[in-house]
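Pasting model-v6.tsv here (TSV, C-alpha atoms):
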```
chain	number	residue	atom	x	y	z
A	1	MET	CA	65.69	7.38	4.33
A	2	GLN	CA	68.02	6.57	1.47
A	3	LYS	CA	70.04	9.18	-0.39
A	4	ALA	CA	68.63	10.46	-3.67
A	5	LYS	CA	70.45	9.12	-6.71
A	6	PHE	CA	71.27	11.11	-9.81
A	7	PRO	CA	68.64	9.55	-12.16
A	8	ALA	CA	65.91	10.24	-9.60
A	9	ILE	CA	66.98	13.89	-9.32
A	10	ALA	CA	67.15	14.23	-13.11
A	11	ALA	CA	63.67	12.75	-13.58
A	12	THR	CA	62.17	15.00	-10.88
A	13	PHE	CA	63.91	18.00	-12.43
A	14	VAL	CA	62.46	17.24	-15.89
A	15	LEU	CA	58.96	16.89	-14.42
A	16	CYS	CA	59.19	20.15	-12.42
A	17	PHE	CA	60.62	22.06	-15.36
A	18	GLY	CA	57.90	20.74	-17.65
A	19	PHE	CA	55.25	21.95	-15.19
A	20	TRP	CA	56.96	25.35	-14.94
A	21	ILE	CA	56.87	25.76	-18.71
A	22	LEU	CA	53.23	24.67	-18.88
A	23	LEU	CA	52.14	27.07	-16.13
A	24	ASP	CA	54.30	30.01	-17.13
A	25	PHE	CA	53.91	29.61	-20.90
A	26	SER	CA	56.49	32.19	-21.91
A	27	PHE	CA	59.83	31.34	-23.49
A	28	LYS	CA	61.95	34.36	-22.51
A	29	PRO	CA	65.47	33.31	-21.45
A	30	GLN	CA	65.33	34.89	-17.98
A	31	GLU	CA	62.10	33.07	-17.11
A	32	LEU	CA	63.49	29.75	-18.34
A	33	ILE	CA	66.64	30.22	-16.23
A	34	ALA	CA	64.64	31.12	-13.12
A	35	GLY	CA	62.49	28.03	-13.70
A	36	ALA	CA	65.53	25.82	-14.08
A	37	VAL	CA	67.04	27.07	-10.81
A	38	VAL	CA	63.80	26.58	-8.88
A	39	SER	CA	63.23	23.13	-10.41
A	40	LEU	CA	66.75	22.06	-9.54
A	41	LEU	CA	66.32	23.14	-5.90
A	42	VAL	CA	62.98	21.34	-5.65
A	43	ALA	CA	64.44	18.23	-7.28
A	44	LEU	CA	67.43	18.15	-4.90
A	45	PHE	CA	65.18	18.31	-1.86
A	46	SER	CA	62.27	16.14	-2.92
A	47	ALA	CA	63.62	13.46	-5.32
A	48	ARG	CA	64.13	10.95	-2.53
A	49	PHE	CA	60.49	11.16	-1.52
A	50	PHE	CA	59.25	11.11	-5.07
A	51	ILE	CA	61.14	8.29	-6.79
A	52	HIS	CA	62.18	5.19	-4.84
A	53	GLU	CA	62.85	2.73	-7.63
A	54	LYS	CA	64.16	2.89	-11.18
A	55	ALA	CA	63.82	6.43	-12.54
A	56	GLY	CA	63.86	5.35	-16.20
A	57	TRP	CA	60.93	2.94	-15.82
A	58	PHE	CA	58.72	4.75	-18.32
A	59	CYS	CA	61.42	5.24	-20.96
A	60	ASN	CA	60.28	1.88	-22.34
A	61	PRO	CA	57.66	2.88	-24.96
A	62	LEU	CA	55.59	-0.26	-24.42
A	63	ARG	CA	55.14	0.59	-20.73
A	64	LEU	CA	54.49	4.24	-21.51
A	65	PHE	CA	51.78	3.47	-24.06
A	66	SER	CA	50.10	0.87	-21.89
A	67	ALA	CA	50.09	3.42	-19.03
A	68	ILE	CA	48.52	6.07	-21.27
A	69	PHE	CA	46.02	3.52	-22.60
A	70	TYR	CA	45.14	2.54	-19.04
A	71	TRP	CA	44.57	6.06	-17.69
A	72	CYS	CA	42.76	7.35	-20.80
A	73	GLY	CA	40.88	4.21	-21.79
A	74	THR	CA	40.26	1.44	-19.28
A	75	PHE	CA	40.12	3.70	-16.25
A	76	ILE	CA	37.81	6.29	-17.83
A	77	ALA	CA	35.49	3.54	-19.06
A	78	GLU	CA	35.22	2.04	-15.57
A	79	LEU	CA	34.77	5.54	-14.11
A	80	VAL	CA	31.85	6.37	-16.40
A	81	LYS	CA	30.17	3.00	-15.78
A	82	ALA	CA	30.44	3.34	-11.99
A	83	ASN	CA	29.31	6.97	-12.07
A	84	VAL	CA	26.16	6.18	-14.04
A	85	ASP	CA	25.36	3.38	-11.59
A	86	MET	CA	25.92	5.67	-8.59
A	87	ALA	CA	23.84	8.49	-10.11
A	88	LYS	CA	20.95	6.03	-10.61
A	89	ARG	CA	21.13	5.04	-6.95
A	90	CYS	CA	21.19	8.70	-5.86
A	91	PHE	CA	18.25	9.74	-8.03
A	92	GLY	CA	16.41	6.60	-6.90
A	93	GLY	CA	16.22	7.97	-3.36
A	94	CYS	CA	19.25	6.20	-1.88
A	95	ARG	CA	17.15	3.27	-0.68
A	96	ASN	CA	18.57	0.54	-2.90
A	97	ILE	CA	22.00	0.31	-1.27
A	98	ASN	CA	23.59	-2.67	0.39
A	99	PRO	CA	26.84	-1.48	2.02
A	100	GLY	CA	29.60	-3.54	3.57
A	101	ILE	CA	33.36	-3.83	3.95
A	102	VAL	CA	34.89	-6.68	1.97
A	103	LYS	CA	38.42	-7.97	1.76
A	104	ILE	CA	40.05	-8.71	-1.60
A	105	PRO	CA	43.42	-10.23	-2.54
A	106	VAL	CA	45.82	-8.26	-4.77
A	107	ASP	CA	48.73	-9.69	-6.76
A	108	LEU	CA	50.67	-6.50	-7.53
A	109	LYS	CA	54.11	-6.40	-5.91
A	110	SER	CA	55.55	-2.89	-6.26
A	111	ASP	CA	54.54	0.07	-4.07
A	112	TYR	CA	53.61	2.19	-7.08
A	113	GLY	CA	51.36	-0.49	-8.53
A	114	GLN	CA	49.55	-1.00	-5.23
A	115	ALA	CA	49.11	2.73	-4.72
A	116	ALA	CA	47.82	3.20	-8.28
A	117	LEU	CA	45.33	0.36	-7.86
A	118	ALA	CA	44.13	1.62	-4.47
A	119	ASN	CA	43.65	5.12	-5.87
A	120	SER	CA	41.84	3.81	-8.93
A	121	ILE	CA	39.47	1.82	-6.71
A	122	THR	CA	38.83	4.87	-4.53
A	123	MET	CA	38.19	7.04	-7.58
A	124	THR	CA	35.42	4.83	-8.94
A	125	PRO	CA	32.23	5.75	-7.07
A	126	GLY	CA	30.84	2.86	-5.07
A	127	THR	CA	34.15	1.58	-3.72
A	128	ILE	CA	36.60	3.16	-1.24
A	129	THR	CA	39.84	1.54	-0.13
A	130	LEU	CA	40.05	1.71	3.66
A	131	ASP	CA	43.33	-0.06	4.29
A	132	ILE	CA	46.08	-2.17	2.76
A	133	ALA	CA	47.38	-5.04	4.87
A	134	GLU	CA	49.85	-7.84	4.37
A	135	ASP	CA	49.34	-11.24	6.03
A	136	LYS	CA	51.98	-13.69	7.28
A	137	ASP	CA	52.39	-15.36	3.87
A	138	GLY	CA	53.24	-12.04	2.20
A	139	LYS	CA	49.89	-11.77	0.41
A	140	THR	CA	48.41	-8.31	0.11
A	141	TRP	CA	44.80	-7.60	1.02
A	142	TYR	CA	42.72	-4.50	0.46
A	143	TYR	CA	39.79	-3.62	2.71
A	144	ILE	CA	37.11	-2.01	0.61
A	145	HIS	CA	33.88	-0.30	1.55
A	146	TRP	CA	31.47	-1.35	-1.18
A	147	ILE	CA	28.09	0.29	-1.63
A	148	ASP	CA	26.45	-2.79	-3.19
A	149	VAL	CA	27.84	-6.05	-1.83
A	150	VAL	CA	27.07	-8.73	-4.41
A	151	THR	CA	29.25	-11.41	-2.86
A	152	ALA	CA	31.42	-11.54	0.26
A	153	GLU	CA	33.77	-14.17	-1.14
A	154	PRO	CA	37.22	-12.51	-1.57
A	155	GLU	CA	38.17	-13.80	-5.06
A	156	LYS	CA	34.80	-13.17	-6.70
A	157	ALA	CA	34.43	-9.74	-5.07
A	158	GLY	CA	37.96	-8.87	-6.21
A	159	GLU	CA	37.18	-9.85	-9.79
A	160	ILE	CA	34.09	-7.64	-9.81
A	161	ILE	CA	35.73	-4.65	-8.13
A	162	LYS	CA	39.18	-4.54	-9.69
A	163	GLY	CA	39.50	-7.25	-12.36
A	164	ARG	CA	39.98	-4.98	-15.36
A	165	LEU	CA	41.85	-2.27	-13.42
A	166	GLU	CA	44.41	-4.73	-12.07
A	167	ARG	CA	45.00	-6.35	-15.46
A	168	GLY	CA	45.54	-2.86	-16.92
A	169	ILE	CA	48.01	-1.81	-14.22
A	170	ARG	CA	49.96	-5.08	-14.36
A	171	ARG	CA	51.06	-4.27	-17.92
A	172	PHE	CA	53.24	-1.41	-16.66
A	173	TRP	CA	53.77	-1.86	-12.90
A	174	GLU	CA	53.94	-5.39	-11.59
B	1	MET	CA	29.46	26.64	-33.36
B	2	LEU	CA	29.34	22.85	-33.15
B	3	ILE	CA	32.26	22.91	-30.75
B	4	ARG	CA	30.37	25.39	-28.60
B	5	ILE	CA	27.35	23.08	-28.44
B	6	ILE	CA	29.53	20.12	-27.47
B	7	ALA	CA	31.20	22.20	-24.74
B	8	ASP	CA	27.81	23.26	-23.37
B	9	LEU	CA	26.56	19.67	-23.39
B	10	LEU	CA	29.64	18.55	-21.46
B	11	LEU	CA	29.09	21.28	-18.86
B	12	LEU	CA	25.45	20.20	-18.55
B	13	ILE	CA	26.38	16.51	-18.07
B	14	GLY	CA	28.88	17.54	-15.41
B	15	ALA	CA	26.20	19.56	-13.63
B	16	VAL	CA	23.80	16.58	-13.69
B	17	PHE	CA	26.39	14.30	-12.07
B	18	ALA	CA	27.23	16.96	-9.47
B	19	LEU	CA	23.51	17.16	-8.68
B	20	ALA	CA	23.34	13.37	-8.29
B	21	GLY	CA	26.30	13.44	-5.92
B	22	THR	CA	24.80	16.27	-3.87
B	23	ILE	CA	21.47	14.46	-3.51
B	24	GLY	CA	23.45	11.41	-2.43
B	25	ILE	CA	25.39	13.39	0.20
B	26	LEU	CA	22.14	14.72	1.65
B	27	LYS	CA	20.15	11.49	1.62
B	28	MET	CA	22.55	8.60	2.23
B	29	PRO	CA	22.15	7.00	5.68
B	30	ASP	CA	25.73	6.93	7.03
B	31	THR	CA	29.21	8.46	6.72
B	32	PHE	CA	30.74	5.93	4.35
B	33	SER	CA	27.84	5.85	1.92
B	34	ARG	CA	27.86	9.64	1.89
B	35	MET	CA	31.51	9.60	0.93
B	36	GLN	CA	30.72	7.19	-1.89
B	37	ALA	CA	28.16	9.63	-3.25
B	38	SER	CA	30.57	12.55	-2.96
B	39	THR	CA	33.07	10.70	-5.16
B	40	CYS	CA	30.57	11.17	-7.97
B	41	VAL	CA	31.04	14.95	-7.75
B	42	SER	CA	34.80	14.84	-7.66
B	43	THR	CA	35.34	12.44	-10.58
B	44	LEU	CA	33.02	12.45	-13.56
B	45	ALA	CA	31.51	15.87	-12.80
B	46	ILE	CA	34.99	17.44	-12.64
B	47	LEU	CA	36.06	15.55	-15.74
B	48	CYS	CA	33.07	16.69	-17.83
B	49	VAL	CA	33.22	20.31	-16.63
B	50	GLY	CA	36.98	20.34	-17.24
B	51	LEU	CA	36.61	18.97	-20.77
B	52	GLY	CA	33.90	21.50	-21.55
B	53	ALA	CA	36.00	24.36	-20.22
B	54	LEU	CA	38.98	23.04	-22.18
B	55	LEU	CA	37.05	23.06	-25.46
B	56	TYR	CA	35.74	26.55	-24.65
B	57	ALA	CA	39.24	27.83	-23.86
B	58	ILE	CA	40.76	26.39	-27.03
B	59	PHE	CA	38.11	27.15	-29.63
B	60	THR	CA	36.35	30.26	-28.31
B	61	MET	CA	38.97	32.06	-26.20
B	62	HIS	CA	41.93	30.88	-28.34
B	63	SER	CA	44.08	30.86	-25.23
B	64	ALA	CA	46.61	28.05	-24.86
B	65	SER	CA	47.73	29.06	-21.36
B	66	ALA	CA	44.16	28.92	-20.02
B	67	ALA	CA	43.71	25.49	-21.59
B	68	VAL	CA	46.89	24.20	-19.97
B	69	LYS	CA	45.84	25.57	-16.58
B	70	ILE	CA	42.46	23.84	-16.81
B	71	ALA	CA	44.16	20.55	-17.68
B	72	VAL	CA	46.51	20.94	-14.71
B	73	ILE	CA	43.58	21.68	-12.35
B	74	VAL	CA	41.75	18.51	-13.44
B	75	LEU	CA	44.94	16.46	-13.14
B	76	MET	CA	45.67	17.79	-9.64
B	77	ILE	CA	42.15	17.05	-8.41
B	78	PHE	CA	42.42	13.51	-9.82
B	79	VAL	CA	45.76	12.92	-8.12
B	80	THR	CA	44.92	14.36	-4.70
B	81	ASN	CA	41.27	13.35	-4.31
B	82	PRO	CA	41.65	9.59	-3.63
B	83	VAL	CA	44.41	10.13	-1.07
B	84	GLY	CA	42.24	12.41	1.04
B	85	SER	CA	39.26	10.17	0.45
B	86	HIS	CA	40.70	7.02	1.90
B	87	ALA	CA	42.44	8.87	4.70
B	88	ILE	CA	39.05	10.26	5.76
B	89	ALA	CA	37.33	6.88	5.42
B	90	LYS	CA	39.91	5.04	7.51
B	91	GLY	CA	40.05	7.85	10.07
B	92	ALA	CA	36.27	7.80	10.42
B	93	TYR	CA	36.28	4.05	10.95
B	94	ARG	CA	39.07	4.21	13.53
B	95	ALA	CA	37.35	7.09	15.34
B	96	GLY	CA	34.35	4.87	15.91
B	97	PHE	CA	31.85	5.95	13.28
B	98	ARG	CA	29.73	2.92	12.42
B	99	PRO	CA	27.01	2.62	9.80
B	100	GLU	CA	23.48	3.01	11.15
B	101	LYS	CA	22.15	0.17	9.06
B	102	ARG	CA	23.64	-3.26	9.70
B	103	MET	CA	26.31	-3.91	7.13
B	104	GLU	CA	26.23	-6.92	4.88
B	105	VAL	CA	29.76	-7.98	5.81
B	106	ASP	CA	32.42	-6.22	7.87
B	107	GLU	CA	35.77	-7.90	7.36
B	108	PHE	CA	37.60	-4.88	8.74
B	109	ARG	CA	36.06	-5.26	12.17
B	110	ARG	CA	36.67	-9.02	12.13
B	111	ASP	CA	40.37	-8.68	11.36
B	112	PHE	CA	41.23	-5.59	13.42
B	113	ASP	CA	39.00	-6.21	16.40
B	114	GLU	CA	39.22	-3.29	18.78
```

Once you've parsed the file, please lay out its structure as structure tokens.
Amino acid sequence: MQKAKFPAIAATFVLCFGFWILLDFSFKPQELIAGAVVSLLVALFSARFFIHEKAGWFCNPLRLFSAIFYWCGTFIAELVKANVDMAKRCFGGCRNINPGIVKIPVDLKSDYGQAALANSITMTPGTITLDIAEDKDGKTWYYIHWIDVVTAEPEKAGEIIKGRLERGIRRFWE
Amino acid sequence: MLIRIIADLLLLIGAVFALAGTIGILKMPDTFSRMQASTCVSTLAILCVGLGALLYAIFTMHSASAAVKIAVIVLMIFVTNPVGSHAIAKGAYRAGFRPEKRMEVDEFRRDFDE
């Protein structure tokens, strides 16, 4: 485990302190000081688990706005579409399902990008990521339980499951 | 008044999706499909109920701290839910739970043959 660097600690501290202010919601000096002390302790102990790469990654406004656009726009749109589809299947008596585990290739390189994509896929009803594996050539594969297998061919299945999500994530985490 | 109606409608939509998810959990044939149905409850149902409660807290209760707490609850559920979800799915597969119906394809079994 590497040592935590100063930017990582600072970023974790800012996040913790922001959460403290949001939850506490009072601006008396003694409460702010107590929050700062607690946030600093938490940041010192947990920064190395929380931030592995560049801490200032989201200081670039282009990345920040594409991240916000992704989580509030693209992702929510996909979520609503998949939820309506799933609700139809459930109200239809759960007979019209066609489950299977497919394997899809993923081009994202960084850990954060892969984790974000896997979590987005799991969040949309109808697909759950079971495992992430890397083959000998360094290509990443996801194993996905899919409630309605349209095609078992990896590229086509990947385009249907995660095409828009992956293009959205690649704008801010490659 | 209009805001109140919108908040009520959002709560109602959330309840409908939670009902769909619950029916799915009860009627789906195997573990994995049941988990798929339960995702319905923990995503759009939570989102709609949270948005409704947020509107109610802001425009009827006039309480900023309640609104912030609701937003944090929704955010926390969204962050933690998928992690638990795929841990459970993979654990169930490794522990030997197999679908009752024959699956269309099963790449996982082909690649990690036990």

Report as JSON lines: every residue of chain B with an atom at most 9 Å from chain A, its closest pair of atoms, and their distance in Å to one decimal, counting all atoms listed in the file, with rows sorted by chain and ascending residue number.
```
{"residue": "B:Val16", "atom": "CA", "partner": "A:Ala87", "partner_atom": "CA", "distance": 8.8}
{"residue": "B:Phe17", "atom": "CA", "partner": "A:Ala87", "partner_atom": "CA", "distance": 6.6}
{"residue": "B:Leu19", "atom": "CA", "partner": "A:Ala87", "partner_atom": "CA", "distance": 8.8}
{"residue": "B:Ala20", "atom": "CA", "partner": "A:Ala87", "partner_atom": "CA", "distance": 5.2}
{"residue": "B:Gly21", "atom": "CA", "partner": "A:Ala87", "partner_atom": "CA", "distance": 6.9}
{"residue": "B:Thr22", "atom": "CA", "partner": "A:Cys90", "partner_atom": "CA", "distance": 8.6}
{"residue": "B:Ile23", "atom": "CA", "partner": "A:Cys90", "partner_atom": "CA", "distance": 6.2}
{"residue": "B:Gly24", "atom": "CA", "partner": "A:Cys90", "partner_atom": "CA", "distance": 4.9}
{"residue": "B:Ile25", "atom": "CA", "partner": "A:Cys90", "partner_atom": "CA", "distance": 8.7}
{"residue": "B:Lys27", "atom": "CA", "partner": "A:Cys94", "partner_atom": "CA", "distance": 6.4}
{"residue": "B:Met28", "atom": "CA", "partner": "A:Cys94", "partner_atom": "CA", "distance": 5.8}
{"residue": "B:Pro29", "atom": "CA", "partner": "A:Cys94", "partner_atom": "CA", "distance": 8.1}
{"residue": "B:Phe32", "atom": "CA", "partner": "A:His145", "partner_atom": "CA", "distance": 7.5}
{"residue": "B:Ser33", "atom": "CA", "partner": "A:Ile147", "partner_atom": "CA", "distance": 6.6}
{"residue": "B:Met35", "atom": "CA", "partner": "A:Ile128", "partner_atom": "CA", "distance": 8.5}
{"residue": "B:Gln36", "atom": "CA", "partner": "A:Gly126", "partner_atom": "CA", "distance": 5.4}
{"residue": "B:Ala37", "atom": "CA", "partner": "A:Pro125", "partner_atom": "CA", "distance": 6.8}
{"residue": "B:Ser38", "atom": "CA", "partner": "A:Pro125", "partner_atom": "CA", "distance": 8.1}
{"residue": "B:Thr39", "atom": "CA", "partner": "A:Pro125", "partner_atom": "CA", "distance": 5.4}
{"residue": "B:Cys40", "atom": "CA", "partner": "A:Pro125", "partner_atom": "CA", "distance": 5.7}
{"residue": "B:Ser42", "atom": "CA", "partner": "A:Met123", "partner_atom": "CA", "distance": 8.5}
{"residue": "B:Thr43", "atom": "CA", "partner": "A:Met123", "partner_atom": "CA", "distance": 6.8}
{"residue": "B:Leu44", "atom": "CA", "partner": "A:Asn83", "partner_atom": "CA", "distance": 6.8}
{"residue": "B:Ala64", "atom": "CA", "partner": "A:Phe25", "partner_atom": "CA", "distance": 8.5}
{"residue": "B:Ser65", "atom": "CA", "partner": "A:Phe25", "partner_atom": "CA", "distance": 6.2}
{"residue": "B:Val68", "atom": "CA", "partner": "A:Leu22", "partner_atom": "CA", "distance": 6.5}
{"residue": "B:Lys69", "atom": "CA", "partner": "A:Leu23", "partner_atom": "CA", "distance": 6.5}
{"residue": "B:Val72", "atom": "CA", "partner": "A:Leu23", "partner_atom": "CA", "distance": 8.4}
{"residue": "B:Phe78", "atom": "CA", "partner": "A:Met123", "partner_atom": "CA", "distance": 8.0}
{"residue": "B:Val79", "atom": "CA", "partner": "A:Asn119", "partner_atom": "CA", "distance": 8.4}
{"residue": "B:Asn81", "atom": "CA", "partner": "A:Met123", "partner_atom": "CA", "distance": 7.7}
{"residue": "B:Pro82", "atom": "CA", "partner": "A:Asn119", "partner_atom": "CA", "distance": 5.4}
{"residue": "B:Val83", "atom": "CA", "partner": "A:Asn119", "partner_atom": "CA", "distance": 7.0}
{"residue": "B:Ser85", "atom": "CA", "partner": "A:Thr122", "partner_atom": "CA", "distance": 7.3}
{"residue": "B:His86", "atom": "CA", "partner": "A:Leu130", "partner_atom": "CA", "distance": 5.6}
{"residue": "B:Ala87", "atom": "CA", "partner": "A:Leu130", "partner_atom": "CA", "distance": 7.6}
{"residue": "B:Ile88", "atom": "CA", "partner": "A:Leu130", "partner_atom": "CA", "distance": 8.9}
{"residue": "B:Ala89", "atom": "CA", "partner": "A:Leu130", "partner_atom": "CA", "distance": 6.1}
{"residue": "B:Lys90", "atom": "CA", "partner": "A:Leu130", "partner_atom": "CA", "distance": 5.1}
{"residue": "B:Gly91", "atom": "CA", "partner": "A:Leu130", "partner_atom": "CA", "distance": 8.9}
{"residue": "B:Tyr93", "atom": "CA", "partner": "A:Leu130", "partner_atom": "CA", "distance": 8.5}
{"residue": "B:Pro99", "atom": "CA", "partner": "A:Pro99", "partner_atom": "CA", "distance": 8.8}
{"residue": "B:Lys101", "atom": "CA", "partner": "A:Pro99", "partner_atom": "CA", "distance": 8.6}
{"residue": "B:Arg102", "atom": "CA", "partner": "A:Pro99", "partner_atom": "CA", "distance": 8.5}
{"residue": "B:Met103", "atom": "CA", "partner": "A:Gly100", "partner_atom": "CA", "distance": 4.9}
{"residue": "B:Glu104", "atom": "CA", "partner": "A:Gly100", "partner_atom": "CA", "distance": 4.9}
{"residue": "B:Val105", "atom": "CA", "partner": "A:Gly100", "partner_atom": "CA", "distance": 5.0}
{"residue": "B:Asp106", "atom": "CA", "partner": "A:Ile101", "partner_atom": "CA", "distance": 4.7}
{"residue": "B:Glu107", "atom": "CA", "partner": "A:Val102", "partner_atom": "CA", "distance": 5.6}
{"residue": "B:Phe108", "atom": "CA", "partner": "A:Ile101", "partner_atom": "CA", "distance": 6.5}
{"residue": "B:Arg109", "atom": "CA", "partner": "A:Ile101", "partner_atom": "CA", "distance": 8.8}
```

Near-A:Ile68 list (12 Å; only C-alpha atoms; drop same-chain fewer than 4 positions) as an mmCIF file with C-alpha atoms, keeping the file's coordinate frame:
```cif
data_model
loop_
_atom_site.group_PDB
_atom_site.id
_atom_site.type_symbol
_atom_site.label_atom_id
_atom_site.label_comp_id
_atom_site.auth_asym_id
_atom_site.auth_seq_id
_atom_site.Cartn_x
_atom_site.Cartn_y
_atom_site.Cartn_z
ATOM 1 C CA PHE A 58 58.720 4.750 -18.320
ATOM 2 C CA PRO A 61 57.660 2.880 -24.960
ATOM 3 C CA LEU A 62 55.590 -0.260 -24.420
ATOM 4 C CA ARG A 63 55.140 0.590 -20.730
ATOM 5 C CA LEU A 64 54.490 4.240 -21.510
ATOM 6 C CA CYS A 72 42.760 7.350 -20.800
ATOM 7 C CA GLY A 73 40.880 4.210 -21.790
ATOM 8 C CA THR A 74 40.260 1.440 -19.280
ATOM 9 C CA PHE A 75 40.120 3.700 -16.250
ATOM 10 C CA ILE A 76 37.810 6.290 -17.830
ATOM 11 C CA GLY A 168 45.540 -2.860 -16.920
ATOM 12 C CA ILE A 169 48.010 -1.810 -14.220
ATOM 13 C CA ARG A 171 51.060 -4.270 -17.920
ATOM 14 C CA PHE A 172 53.240 -1.410 -16.660
#
```

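Surrounding residues of (65.7, 5.1, -11.0) at most 6 Å away are Pro7, Ala8, Glu53, Lys54, Ala55 and Gly56 of chain A (based on only C-alpha atoms).
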
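Rounded to one decimal, atom CA of A:Lys156 and atom CA of A:Ser66 lie 25.7 Å from each other.
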
Length of the atom CA of A:Ala47 to atom CA of A:Lys5 vector [Å]: 8.2 Å

Nearest-residue call for A:Pro154, choices A:Ile33, A:Leu15, A:Val106, A:Leu117, using all atoms listed in the file: A:Val106

Between atom CA of B:Gly52 and atom CA of A:Lys162, distance in Å (one decimal): 29.1 Å

Shortest interatomic distance to B:Ala15 - which of B:Leu47, B:Met1, B:Phe59, B:Ile70, counting only C-alpha atoms: B:Leu47

Exercise: A:Arg170 partners within 9 Å, all atoms listed in the file, chain neighbours under 6 positions left out, as a list in words: Asp107, Leu108 and Gly113 of chain A

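Closest approach to A:Arg167 among A:Phe49, A:Phe65, A:Tyr70, A:Phe6: A:Tyr70, based on all atoms listed in the file.
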
Shell around B:Asp8 at 12 Å using all atoms listed in the file, local window under 6 positions removed, as a PyMOL selection string: chain B and resi 1-2+14-15+48-56
